[in-house]
Each structure stands twice: as structure tokens, then as C-alpha cells.
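**Q** I'm passing along run_27.tsv; it holds TSV, C-alpha atoms.
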chain	number	residue	atom	x	y	z
S	1	MET	CA	111.74	122.70	154.52
S	2	SER	CA	110.33	125.94	155.92
S	3	GLU	CA	111.00	126.80	159.56
S	4	PHE	CA	107.38	127.97	159.75
S	5	SER	CA	104.40	125.66	160.14
S	6	LEU	CA	101.88	125.19	157.36
S	7	SER	CA	99.20	127.06	159.32
S	8	ARG	CA	101.49	130.08	159.75
S	9	ARG	CA	102.37	130.06	156.06
S	10	LEU	CA	98.72	129.94	155.02
S	11	VAL	CA	97.76	132.71	157.43
S	12	ALA	CA	100.62	134.83	156.08
S	13	GLU	CA	99.33	134.32	152.53
S	14	ALA	CA	95.75	135.17	153.53
S	15	LEU	CA	96.80	138.19	155.60
S	16	GLY	CA	99.12	139.55	152.95
S	17	THR	CA	96.53	139.22	150.20
S	18	ALA	CA	93.86	140.78	152.43
S	19	MET	CA	96.08	143.77	153.16
S	20	LEU	CA	97.01	144.09	149.49
S	21	VAL	CA	93.38	144.04	148.32
S	22	GLY	CA	92.31	146.27	151.20
S	23	THR	CA	94.89	148.79	150.03
S	24	VAL	CA	93.83	148.55	146.38
S	25	VAL	CA	90.12	148.93	147.15
S	26	GLY	CA	90.47	151.37	150.05
S	27	SER	CA	92.85	153.73	148.25
S	28	GLY	CA	90.59	153.57	145.21
S	29	ILE	CA	87.60	154.64	147.29
S	30	MET	CA	89.57	157.43	148.95
S	31	ALA	CA	91.04	158.65	145.67
S	32	ASP	CA	87.64	158.66	143.99
S	33	ARG	CA	86.14	160.67	146.85
S	34	LEU	CA	88.92	163.25	146.86
S	35	SER	CA	89.10	163.95	143.14
S	36	ASP	CA	86.82	164.02	140.11
S	37	ASP	CA	89.89	163.71	137.87
S	38	VAL	CA	90.29	160.05	136.86
S	39	ALA	CA	94.04	160.44	136.31
S	40	VAL	CA	94.50	161.85	139.81
S	41	SER	CA	92.35	159.09	141.27
S	42	LEU	CA	94.40	156.44	139.45
S	43	LEU	CA	97.59	157.98	140.81
S	44	GLY	CA	96.06	157.91	144.29
S	45	ASN	CA	95.34	154.22	143.77
S	46	THR	CA	98.75	153.42	142.28
S	47	ILE	CA	101.15	154.78	144.88
S	48	PRO	CA	99.63	153.02	147.93
S	49	THR	CA	99.49	149.72	146.04
S	50	GLY	CA	103.15	149.81	145.08
S	51	ALA	CA	104.14	150.92	148.58
S	52	ILE	CA	102.18	148.23	150.41
S	53	LEU	CA	103.70	145.51	148.23
S	54	VAL	CA	107.19	146.51	149.39
S	55	VAL	CA	106.05	146.34	153.01
S	56	LEU	CA	104.12	143.08	152.75
S	57	ILE	CA	106.79	141.15	150.84
S	58	THR	CA	109.45	142.35	153.28
S	59	ILE	CA	107.59	141.39	156.46
S	60	LEU	CA	105.79	138.23	155.30
S	61	GLY	CA	108.19	136.90	152.68
S	62	PRO	CA	110.35	135.10	155.26
S	63	ILE	CA	107.27	133.21	156.48
S	64	SER	CA	105.47	132.07	153.33
S	65	GLY	CA	107.45	133.43	150.39
S	66	ALA	CA	104.92	136.26	150.04
S	67	HIS	CA	103.20	135.01	146.89
S	68	PHE	CA	99.81	136.71	147.56
S	69	ASN	CA	99.01	135.67	143.99
S	70	PRO	CA	97.85	132.34	142.49
S	71	ALA	CA	99.83	133.08	139.31
S	72	VAL	CA	103.02	133.30	141.37
S	73	THR	CA	102.13	130.12	143.26
S	74	TYR	CA	101.39	128.41	139.92
S	75	VAL	CA	104.88	129.24	138.66
S	76	PHE	CA	106.55	127.93	141.81
S	77	TRP	CA	104.48	124.75	141.48
S	78	LEU	CA	105.67	124.37	137.87
S	79	ARG	CA	109.22	124.87	139.17
S	80	GLU	CA	108.54	121.98	141.59
S	81	GLU	CA	109.24	124.19	144.58
S	82	LEU	CA	105.72	123.56	145.91
S	83	GLY	CA	103.67	120.38	145.89
S	84	LEU	CA	100.21	120.35	144.35
S	85	ALA	CA	98.39	120.21	147.70
S	86	LEU	CA	100.39	123.09	149.16
S	87	ALA	CA	99.97	125.16	146.00
S	88	GLY	CA	96.21	124.61	146.17
S	89	ALA	CA	96.15	125.60	149.84
S	90	TYR	CA	98.14	128.76	149.06
S	91	MET	CA	95.71	129.72	146.30
S	92	ALA	CA	92.65	129.13	148.48
S	93	SER	CA	94.17	131.23	151.27
S	94	GLN	CA	94.99	134.03	148.85
S	95	ILE	CA	91.47	134.15	147.43
S	96	LEU	CA	89.80	134.01	150.83
S	97	GLY	CA	92.12	136.68	152.22
S	98	GLY	CA	91.61	138.91	149.20
S	99	ILE	CA	87.82	138.80	149.46
S	100	CYS	CA	88.08	139.69	153.14
S	101	GLY	CA	90.26	142.65	152.15
S	102	SER	CA	87.51	144.02	149.90
S	103	LEU	CA	84.85	143.60	152.59
S	104	ILE	CA	86.99	145.26	155.27
S	105	ALA	CA	87.63	148.22	152.96
S	106	HIS	CA	83.86	148.66	152.63
S	107	VAL	CA	83.47	148.64	156.41
S	108	MET	CA	86.17	151.28	156.82
S	109	PHE	CA	84.44	153.61	154.36
S	110	GLU	CA	80.90	152.93	155.63
S	111	LEU	CA	79.76	151.25	152.43
S	112	PRO	CA	77.53	148.18	152.04
S	113	VAL	CA	79.72	145.23	152.95
S	114	TRP	CA	78.52	142.85	150.23
S	115	GLN	CA	78.74	144.22	146.72
S	116	ALA	CA	79.12	142.97	143.16
S	117	SER	CA	81.01	145.16	140.72
S	118	THR	CA	79.36	146.61	137.62
S	119	THR	CA	82.60	147.97	136.10
S	120	VAL	CA	83.12	146.60	132.59
S	121	ARG	CA	86.65	145.30	131.96
S	122	THR	CA	86.70	143.02	128.94
S	123	GLY	CA	87.98	142.70	125.39
S	124	SER	CA	91.16	141.62	123.65
S	125	ALA	CA	93.10	144.77	124.62
S	126	GLN	CA	92.38	144.17	128.31
S	127	TRP	CA	93.33	140.50	128.05
S	128	VAL	CA	96.59	141.22	126.24
S	129	ALA	CA	97.34	143.86	128.88
S	130	GLU	CA	96.89	141.24	131.61
S	131	VAL	CA	99.20	138.81	129.81
S	132	VAL	CA	101.83	141.58	129.61
S	133	ALA	CA	101.27	142.72	133.20
S	134	THR	CA	101.61	139.24	134.67
S	135	PHE	CA	104.54	138.34	132.41
S	136	GLY	CA	106.41	141.41	133.66
S	137	LEU	CA	105.57	140.71	137.28
S	138	LEU	CA	106.89	137.14	137.12
S	139	ALA	CA	109.91	138.28	135.15
S	140	SER	CA	110.71	140.75	137.94
S	141	ILE	CA	110.34	138.05	140.57
S	142	LEU	CA	112.30	135.31	138.79
S	143	ALA	CA	115.18	137.55	137.72
S	144	GLY	CA	115.16	139.28	141.10
S	145	ILE	CA	115.50	135.96	142.93
S	146	ARG	CA	118.31	134.96	140.57
S	147	PHE	CA	120.39	138.12	140.82
S	148	ARG	CA	119.36	140.19	143.85
S	149	GLU	CA	116.86	138.45	146.11
S	150	ALA	CA	116.89	141.17	148.78
S	151	ALA	CA	115.61	143.64	146.19
S	152	VAL	CA	112.52	141.60	145.23
S	153	PRO	CA	110.10	143.62	147.43
S	154	TRP	CA	111.20	146.83	145.72
S	155	LEU	CA	111.23	145.26	142.26
S	156	VAL	CA	107.66	144.04	142.65
S	157	GLY	CA	106.39	147.29	144.18
S	158	LEU	CA	108.03	149.42	141.51
S	159	TYR	CA	106.94	147.15	138.68
S	160	ILE	CA	103.28	147.23	139.73
S	161	THR	CA	103.47	151.01	140.19
S	162	ALA	CA	104.69	151.33	136.61
S	163	ALA	CA	102.33	148.70	135.19
S	164	TYR	CA	99.28	150.52	136.55
S	165	TRP	CA	100.09	153.17	133.95
S	166	PHE	CA	101.50	151.34	130.93
S	167	THR	CA	98.88	148.57	130.70
S	168	ALA	CA	95.34	149.11	129.43
S	169	SER	CA	93.95	147.02	132.29
S	170	THR	CA	95.82	148.95	135.04
S	171	SER	CA	97.69	145.73	135.81
S	172	PHE	CA	95.67	143.37	137.99
S	173	ALA	CA	98.30	140.65	137.30
S	174	ASN	CA	96.80	138.51	140.07
S	175	PRO	CA	93.81	136.12	139.93
S	176	ALA	CA	93.11	136.45	143.67
S	177	VAL	CA	93.07	140.24	143.41
S	178	ALA	CA	90.84	140.06	140.33
S	179	ILE	CA	88.34	137.80	142.11
S	180	SER	CA	88.38	140.03	145.18
S	181	ARG	CA	87.80	143.17	143.12
S	182	ALA	CA	84.62	141.61	141.72
S	183	PHE	CA	83.24	141.97	145.26
S	184	THR	CA	83.47	145.79	145.23
S	185	ASP	CA	81.38	148.16	143.13
S	186	THR	CA	83.88	150.96	143.59
S	187	PHE	CA	86.78	152.52	141.67
S	188	ALA	CA	88.77	149.26	141.68
S	189	GLY	CA	85.95	146.90	140.68
S	190	ILE	CA	85.58	144.39	137.85
S	191	ARG	CA	82.35	142.68	136.82
S	192	PRO	CA	82.24	139.01	137.88
S	193	ILE	CA	81.38	138.05	134.29
S	194	ASP	CA	84.69	139.57	133.14
S	195	LEU	CA	86.81	137.48	135.51
S	196	PRO	CA	87.45	134.39	133.34
S	197	GLY	CA	89.20	136.38	130.61
S	198	PHE	CA	91.40	138.17	133.14
S	199	ILE	CA	92.30	135.04	135.08
S	200	LEU	CA	93.16	133.03	131.96
S	201	ALA	CA	95.30	135.88	130.64
S	202	GLU	CA	97.15	136.14	133.96
S	203	PHE	CA	98.02	132.43	134.04
S	204	ILE	CA	99.15	132.59	130.40
S	205	GLY	CA	101.40	135.56	131.18
S	206	ALA	CA	102.89	133.73	134.16
S	207	ALA	CA	103.58	130.59	132.13
S	208	LEU	CA	105.20	132.59	129.32
S	209	ALA	CA	107.47	134.35	131.83
S	210	LEU	CA	108.55	131.03	133.31
S	211	ALA	CA	109.23	129.56	129.88
S	212	LEU	CA	111.38	132.47	128.72
S	213	PHE	CA	113.20	133.18	131.96
S	214	SER	CA	113.99	129.52	132.62
S	215	TRP	CA	116.12	129.77	129.49
S	216	LEU	CA	117.26	133.38	129.82
S	217	LEU	CA	118.59	133.02	133.37
S	218	LYS	CA	120.55	129.83	132.69
S	219	SER	CA	124.29	130.54	132.70
S	220	ASN	CA	126.84	128.89	130.42
S	221	THR	CA	128.07	126.79	133.34
S	222	GLU	CA	124.64	125.20	133.77
S	223	ARG	CA	123.40	122.38	131.59
S	224	ALA	CA	121.09	123.44	128.78
Take the structure I supplied and represent it as C-alpha cells, if you would.
**A**
Amino acid sequence: MSEFSLSRRLVAEALGTAMLVGTVVGSGIMADRLSDDVAVSLLGNTIPTGAILVVLITILGPISGAHFNPAVTYVFWLREELGLALAGAYMASQILGGICGSLIAHVMFELPVWQASTTVRTGSAQWVAEVVATFGLLASILAGIRFREAAVPWLVGLYITAAYWFTASTSFANPAVAISRAFTDTFAGIRPIDLPGFILAEFIGAALALALFSWLLKSNTERA
């Protein structure tokens, strides 16, 4: 039983996801304005995202578990560490917070608040990349919790920093972030019509990670 009330946990999830998406979108806008080189802009988007994840998981993890991601919440529901109602509330808070993060980023950069992305992100390569990205993220979390829980903020931040560059999709790995990025027609955007493929791939990647790591992390002293 958490020492924090449900309302505090849900606000932590919404706030954390808002700050994460605000960082993704805001740093993308800044990077795009400062450089015409796409590689430099991507680097300017990558480093702040990895850094803010370390901060957010460290400061909000003790309150809500710092999921900030429906795919993570889904895995903890499958592990029976969250009930269905709480998992649904977490996911709703994450999505709402993430959308607010996109809108606030627009306000900070004096852009139209309400936008719909026109950036095309679709196709089998992108979907496979999202399966891989989300699989790796959940693998980092599950193994991190098992072996070195205090390192999880760094593991997640470093993994996402790397996955920005080794996945064809630049590693969304998060349905709430994907939905929120459909609300920005900037460097970080994704067309709303492309969301279903990304979201399905992310949940598949999460489920595959749980299936493999449930077996991989079981020691010989535990029952098979």
C-alpha cells in the first residue's frame, strides 16, 4: 500500500508526463531553430530527453512509481502490481499530462497552442523500431528493479538517449508521448493517423519484454 494518496499519485503521473513531453517538444523546437542540420537538431532533442527522465524518475518515483508511460503501467498491471481501475487512472493521467506538456511547449515558444502534426511516421520499419524501443525500455526497468533499483532513473535515461539513435523511429516507446506528439506540428510531431501503428507496436514490445524477462530474471532458487 502506497504511503501517498491516489490523488497525489495521479498528479505525479500527470506532472511527470507533462514535463517529459514538454522537454521532448520544447527541446525539439529549440534545436530546430538553432540548427539546419537534422543530426545536430536530433542530438539537441536527445540529450534533454534523457536528462529529464533521470530527474523525473528520481523525484517522482517515490510517489507514483514514475511510470509516465501506459506501456509501463500495462506491464505492472500484467504483473498484478496494479489493479485494473488504478492502471486505467494512471494511463488517463499520463495522456492528459502529456497533451498539456505539448501545449505548454507551444506557449513557451510563442506558437499556436492547438496544432495537429503533419509529420509522416509510418511503415513496417517504424513499427518494428517501436517494438524494439519499448522492449528495451521495459527490459531496462524490469532488470534494473531486480538487480539495482536505485539505478533505474539512470538506466532509463541512458537507454532512451541511446535508443533515439539506434532505432528508425527515434524511440517514442511510450503511447502517451506518441499521442501527445500528435498535438504538435514541430520537430517532434507524428501525424494522428500514424498513432495506431505506433501504439500497438509499443504495447507488443512491452508484452514481449515482460514475457522474456519474467523467465530470464528467475533464479534457480525460485520455482519455475
**Q** What separation in Å, quoted to one decimal, exists between CA of Arg146 in chain S and CA of Leu217 in chain S?
**A**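 Atom-to-atom, CA of Arg146 in chain S to CA of Leu217 in chain S, that is 7.5 Å.
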**Q** Please, what distance in Å, to one decimal, runs between CA of Ala129 in chain S and CA of Ile190 in chain S?
**A**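 Computing the Euclidean distance for CA of Ala129 in chain S and CA of Ile190 in chain S yields 14.8 Å.
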**Q** Find the residue from S:Ala150, S:Ala133, S:Val113, S:Leu212 that sits nearest to Ile199 in chain S; use only C-alpha atoms when measuring.
**A**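 Checking each candidate against Ile199 in chain S, we get S:Ala133 as the closest.
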**Q** What does the distance between CA of Arg9 in chain S and CA of Trp77 in chain S come to in Å, to one decimal place?
**A** 15.7 Å
**Q** Show me a table, sorted first by chain and then by increasing residue number, of the residues of range 176-212 of chain S having an atom at most 10 Å from range 63-71 of chain S, each with its shortest atom pair and the distance in Å to one decimal, counting all atoms listed in the file and written as a Markdown table.
**A**
| residue | atom | partner | partner_atom | distance |
| --- | --- | --- | --- | --- |
| S:Ala176 | CA | S:Asn69 | CA | 6.0 |
| S:Val177 | CA | S:Asn69 | CA | 7.5 |
| S:Ala178 | CA | S:Asn69 | CA | 10.0 |
| S:Ile199 | CA | S:Ala71 | CA | 8.9 |
| S:Leu200 | CA | S:Ala71 | CA | 9.9 |
| S:Glu202 | CA | S:Ala71 | CA | 6.7 |
| S:Phe203 | CA | S:Ala71 | CA | 5.6 |
| S:Ile204 | CA | S:Ala71 | CA | 8.9 |
| S:Gly205 | CA | S:Ala71 | CA | 8.6 |
| S:Ala206 | CA | S:Ala71 | CA | 6.0 |
| S:Ala207 | CA | S:Ala71 | CA | 8.5 |
**Q** Can I get the residues of range 95-206 of chain S within 12 Å of range 42-57 of chain S, each with the closest pair of atoms and their distance in Å to one decimal, using all atoms listed in the file, sorted chain first then ascending number, as JSON lines?
**A**
{"residue": "S:Ile141", "atom": "CA", "partner": "S:Ile57", "partner_atom": "CA", "distance": 11.3}
{"residue": "S:Glu149", "atom": "CA", "partner": "S:Ile57", "partner_atom": "CA", "distance": 11.4}
{"residue": "S:Ala150", "atom": "CA", "partner": "S:Ile57", "partner_atom": "CA", "distance": 10.3}
{"residue": "S:Ala151", "atom": "CA", "partner": "S:Val54", "partner_atom": "CA", "distance": 9.5}
{"residue": "S:Val152", "atom": "CA", "partner": "S:Ile57", "partner_atom": "CA", "distance": 8.0}
{"residue": "S:Pro153", "atom": "CA", "partner": "S:Val54", "partner_atom": "CA", "distance": 4.5}
{"residue": "S:Trp154", "atom": "CA", "partner": "S:Val54", "partner_atom": "CA", "distance": 5.4}
{"residue": "S:Leu155", "atom": "CA", "partner": "S:Val54", "partner_atom": "CA", "distance": 8.3}
{"residue": "S:Val156", "atom": "CA", "partner": "S:Leu53", "partner_atom": "CA", "distance": 7.0}
{"residue": "S:Gly157", "atom": "CA", "partner": "S:Gly50", "partner_atom": "CA", "distance": 4.2}
{"residue": "S:Leu158", "atom": "CA", "partner": "S:Gly50", "partner_atom": "CA", "distance": 6.1}
{"residue": "S:Tyr159", "atom": "CA", "partner": "S:Gly50", "partner_atom": "CA", "distance": 7.9}
{"residue": "S:Ile160", "atom": "CA", "partner": "S:Gly50", "partner_atom": "CA", "distance": 5.9}
{"residue": "S:Thr161", "atom": "CA", "partner": "S:Gly50", "partner_atom": "CA", "distance": 5.0}
{"residue": "S:Ala162", "atom": "CA", "partner": "S:Thr46", "partner_atom": "CA", "distance": 8.5}
{"residue": "S:Ala163", "atom": "CA", "partner": "S:Thr46", "partner_atom": "CA", "distance": 9.2}
{"residue": "S:Tyr164", "atom": "CA", "partner": "S:Thr46", "partner_atom": "CA", "distance": 6.4}
{"residue": "S:Trp165", "atom": "CA", "partner": "S:Thr46", "partner_atom": "CA", "distance": 8.4}
{"residue": "S:Phe166", "atom": "CA", "partner": "S:Thr46", "partner_atom": "CA", "distance": 11.9}
{"residue": "S:Ser169", "atom": "CA", "partner": "S:Leu42", "partner_atom": "CA", "distance": 11.8}
{"residue": "S:Thr170", "atom": "CA", "partner": "S:Leu42", "partner_atom": "CA", "distance": 8.8}
{"residue": "S:Ser171", "atom": "CA", "partner": "S:Thr46", "partner_atom": "CA", "distance": 10.1}
{"residue": "S:Phe172", "atom": "CA", "partner": "S:Thr49", "partner_atom": "CA", "distance": 10.9}
{"residue": "S:Val177", "atom": "CA", "partner": "S:Thr49", "partner_atom": "CA", "distance": 11.7}
{"residue": "S:Thr186", "atom": "CA", "partner": "S:Asn45", "partner_atom": "CA", "distance": 11.9}
{"residue": "S:Phe187", "atom": "CA", "partner": "S:Leu42", "partner_atom": "CA", "distance": 8.9}
{"residue": "S:Ala188", "atom": "CA", "partner": "S:Asn45", "partner_atom": "CA", "distance": 8.5}
**Q** Find the residues near Thr134 in chain S: any atom within 7 Å, counting only C-alpha atoms, skip ones fewer than 2 places away on the same chain, and give them as a PyMOL selection string.
**A** chain S and resi 130-132+136-138+173+202+205-206
**Q** Go ahead and save the residues from that selection, with C-alpha atoms, as a PDB file, keeping the file's coordinate frame.
**A**
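And here is the file that came out, part39.pdb:
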ATOM      1  CA  GLU S 130      96.890 141.240 131.610  1.00  0.00           C
ATOM      2  CA  VAL S 131      99.200 138.810 129.810  1.00  0.00           C
ATOM      3  CA  VAL S 132     101.830 141.580 129.610  1.00  0.00           C
ATOM      4  CA  GLY S 136     106.410 141.410 133.660  1.00  0.00           C
ATOM      5  CA  LEU S 137     105.570 140.710 137.280  1.00  0.00           C
ATOM      6  CA  LEU S 138     106.890 137.140 137.120  1.00  0.00           C
ATOM      7  CA  ALA S 173      98.300 140.650 137.300  1.00  0.00           C
ATOM      8  CA  GLU S 202      97.150 136.140 133.960  1.00  0.00           C
ATOM      9  CA  GLY S 205     101.400 135.560 131.180  1.00  0.00           C
ATOM     10  CA  ALA S 206     102.890 133.730 134.160  1.00  0.00           C
TER      11      ALA S 206
END
**Q** Report as an mmCIF file with C-alpha atoms, in the frame of the given file all protein, DNA and RNA residues lying within 6 Å of Gly98 in chain S, evaluated on only C-alpha atoms, omitting residues in the same chain fewer than 4 positions from it.
**A**
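Written output follows (around.cif):
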data_model
loop_
_atom_site.group_PDB
_atom_site.id
_atom_site.type_symbol
_atom_site.label_atom_id
_atom_site.label_comp_id
_atom_site.auth_asym_id
_atom_site.auth_seq_id
_atom_site.Cartn_x
_atom_site.Cartn_y
_atom_site.Cartn_z
ATOM 1 C CA THR S 17 96.530 139.220 150.200
ATOM 2 C CA ALA S 18 93.860 140.780 152.430
ATOM 3 C CA VAL S 21 93.380 144.040 148.320
ATOM 4 C CA GLN S 94 94.990 134.030 148.850
ATOM 5 C CA SER S 180 88.380 140.030 145.180
#
**Q** Between S:Ser41, S:Ser7, S:Ser219, S:Ser2, which is the closest to Phe147 in chain S once you count all atoms listed in the file?
**A**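 Among the listed residues, S:Ser219 lies closest to Phe147 in chain S.
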**Q** Leaving out range 100-105 of chain S and any residue of its chain fewer than 4 positions from it, which residues lie within 7 Å of it when counting all atoms listed in the file, given as a PDB file with C-alpha atoms, in the coordinates of the input?
**A**
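So result38.pdb came out as:
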ATOM      1  CA  ALA S  18      93.860 140.780 152.430  1.00  0.00           C
ATOM      2  CA  MET S  19      96.080 143.770 153.160  1.00  0.00           C
ATOM      3  CA  VAL S  21      93.380 144.040 148.320  1.00  0.00           C
ATOM      4  CA  GLY S  22      92.310 146.270 151.200  1.00  0.00           C
ATOM      5  CA  VAL S  25      90.120 148.930 147.150  1.00  0.00           C
ATOM      6  CA  GLY S  26      90.470 151.370 150.050  1.00  0.00           C
ATOM      7  CA  LEU S  96      89.800 134.010 150.830  1.00  0.00           C
ATOM      8  CA  PHE S 109      84.440 153.610 154.360  1.00  0.00           C
ATOM      9  CA  VAL S 113      79.720 145.230 152.950  1.00  0.00           C
ATOM     10  CA  TRP S 114      78.520 142.850 150.230  1.00  0.00           C
ATOM     11  CA  SER S 180      88.380 140.030 145.180  1.00  0.00           C
ATOM     12  CA  ARG S 181      87.800 143.170 143.120  1.00  0.00           C
ATOM     13  CA  PHE S 183      83.240 141.970 145.260  1.00  0.00           C
ATOM     14  CA  THR S 184      83.470 145.790 145.230  1.00  0.00           C
TER      15      THR S 184
END
**Q** Name the closest residue to Phe213 in chain S among the candidates S:Leu111, S:Ile95, S:Ala182, S:Ile145; distances are taken between atoms, counting only C-alpha atoms.
**A**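 Checking each candidate against Phe213 in chain S, we get S:Ile145 as the closest.
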**Q** Which one is closest to Glu13 in chain S: S:Met108, S:Leu195, S:Ala89, S:Leu208? Count all atoms listed in the file.
**A**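 Checking each of S:Met108, S:Leu195, S:Ala89, S:Leu208 against Glu13 in chain S, counting all atoms listed in the file, the winner is S:Ala89.
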**Q** Tell me which protein, DNA and RNA residues are within 12 Å of Leu216 in chain S, counting all atoms listed in the file, leaving out same-chain ones fewer than 4 positions away, and put them as a PyMOL selection string.
**A** chain S and resi 139+142-143+146+209-212+220+222+224
**Q** Env of Asp185 in chain S: 7 Å cut, atoms = only C-alpha atoms, seq-sep filter 2 positions within chain, self excluded. Answer as a list in words.
**A**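 Everything that qualifies: Gln115, Ala116, Ser117, Thr118, Phe183 and Gly189 of chain S.
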**Q** With C-alpha atoms retained, write the just-selected residues as a tab-separated table (two decimals), in the coordinates of the input.
**A**
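So the final result, stored in again-v8.tsv, reads:
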chain	number	residue	atom	x	y	z
S	115	GLN	CA	78.74	144.22	146.72
S	116	ALA	CA	79.12	142.97	143.16
S	117	SER	CA	81.01	145.16	140.72
S	118	THR	CA	79.36	146.61	137.62
S	183	PHE	CA	83.24	141.97	145.26
S	189	GLY	CA	85.95	146.90	140.68
**Q** Return the single residue from S:Leu60, S:His106, S:Arg148, S:Ser5 that is closest to Gly28 in chain S, with distances computed using all atoms listed in the file.
**A**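 Once distances to Gly28 in chain S are computed over all atoms listed in the file, the minimum belongs to S:His106.
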**Q** With N, CA and C atoms as the goal, would you fill in the gaps in range 85-102 of chain S and present it as a short mmCIF file (atom, residue, chain, number, x, y, z; two decimals), in the frame of the given file?
**A**
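Saved file part37.cif follows:
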data_model
loop_
_atom_site.label_atom_id
_atom_site.label_comp_id
_atom_site.auth_asym_id
_atom_site.auth_seq_id
_atom_site.Cartn_x
_atom_site.Cartn_y
_atom_site.Cartn_z
N ALA S 85 99.29 119.94 146.58
CA ALA S 85 98.39 120.21 147.70
C ALA S 85 98.72 121.55 148.36
N LEU S 86 100.00 121.83 148.54
CA LEU S 86 100.39 123.09 149.16
C LEU S 86 100.06 124.27 148.25
N ALA S 87 100.29 124.09 146.95
CA ALA S 87 99.97 125.16 146.00
C ALA S 87 98.47 125.46 146.03
N GLY S 88 97.66 124.41 146.09
CA GLY S 88 96.21 124.61 146.17
C GLY S 88 95.81 125.32 147.45
N ALA S 89 96.45 124.96 148.56
CA ALA S 89 96.15 125.60 149.84
C ALA S 89 96.56 127.07 149.82
N TYR S 90 97.71 127.36 149.21
CA TYR S 90 98.14 128.76 149.06
C TYR S 90 97.10 129.55 148.29
N MET S 91 96.67 129.01 147.15
CA MET S 91 95.71 129.72 146.30
C MET S 91 94.39 129.97 147.02
N ALA S 92 93.91 128.97 147.74
CA ALA S 92 92.65 129.13 148.48
C ALA S 92 92.80 130.20 149.55
N SER S 93 93.93 130.21 150.24
CA SER S 93 94.17 131.23 151.27
C SER S 93 94.24 132.62 150.66
N GLN S 94 94.87 132.74 149.52
CA GLN S 94 94.99 134.03 148.85
C GLN S 94 93.62 134.57 148.45
N ILE S 95 92.80 133.72 147.88
CA ILE S 95 91.47 134.15 147.43
C ILE S 95 90.60 134.54 148.61
N LEU S 96 90.59 133.71 149.63
CA LEU S 96 89.80 134.01 150.83
C LEU S 96 90.27 135.31 151.48
N GLY S 97 91.58 135.46 151.63
CA GLY S 97 92.12 136.68 152.22
C GLY S 97 91.79 137.90 151.40
N GLY S 98 91.90 137.78 150.07
CA GLY S 98 91.61 138.91 149.20
C GLY S 98 90.17 139.38 149.30
N ILE S 99 89.24 138.44 149.32
CA ILE S 99 87.82 138.80 149.46
C ILE S 99 87.59 139.52 150.78
N CYS S 100 88.20 139.02 151.84
CA CYS S 100 88.08 139.69 153.14
C CYS S 100 88.62 141.11 153.07
N GLY S 101 89.70 141.31 152.30
CA GLY S 101 90.26 142.65 152.15
C GLY S 101 89.27 143.62 151.53
N SER S 102 88.53 143.17 150.51
CA SER S 102 87.51 144.02 149.90
C SER S 102 86.42 144.38 150.90
#
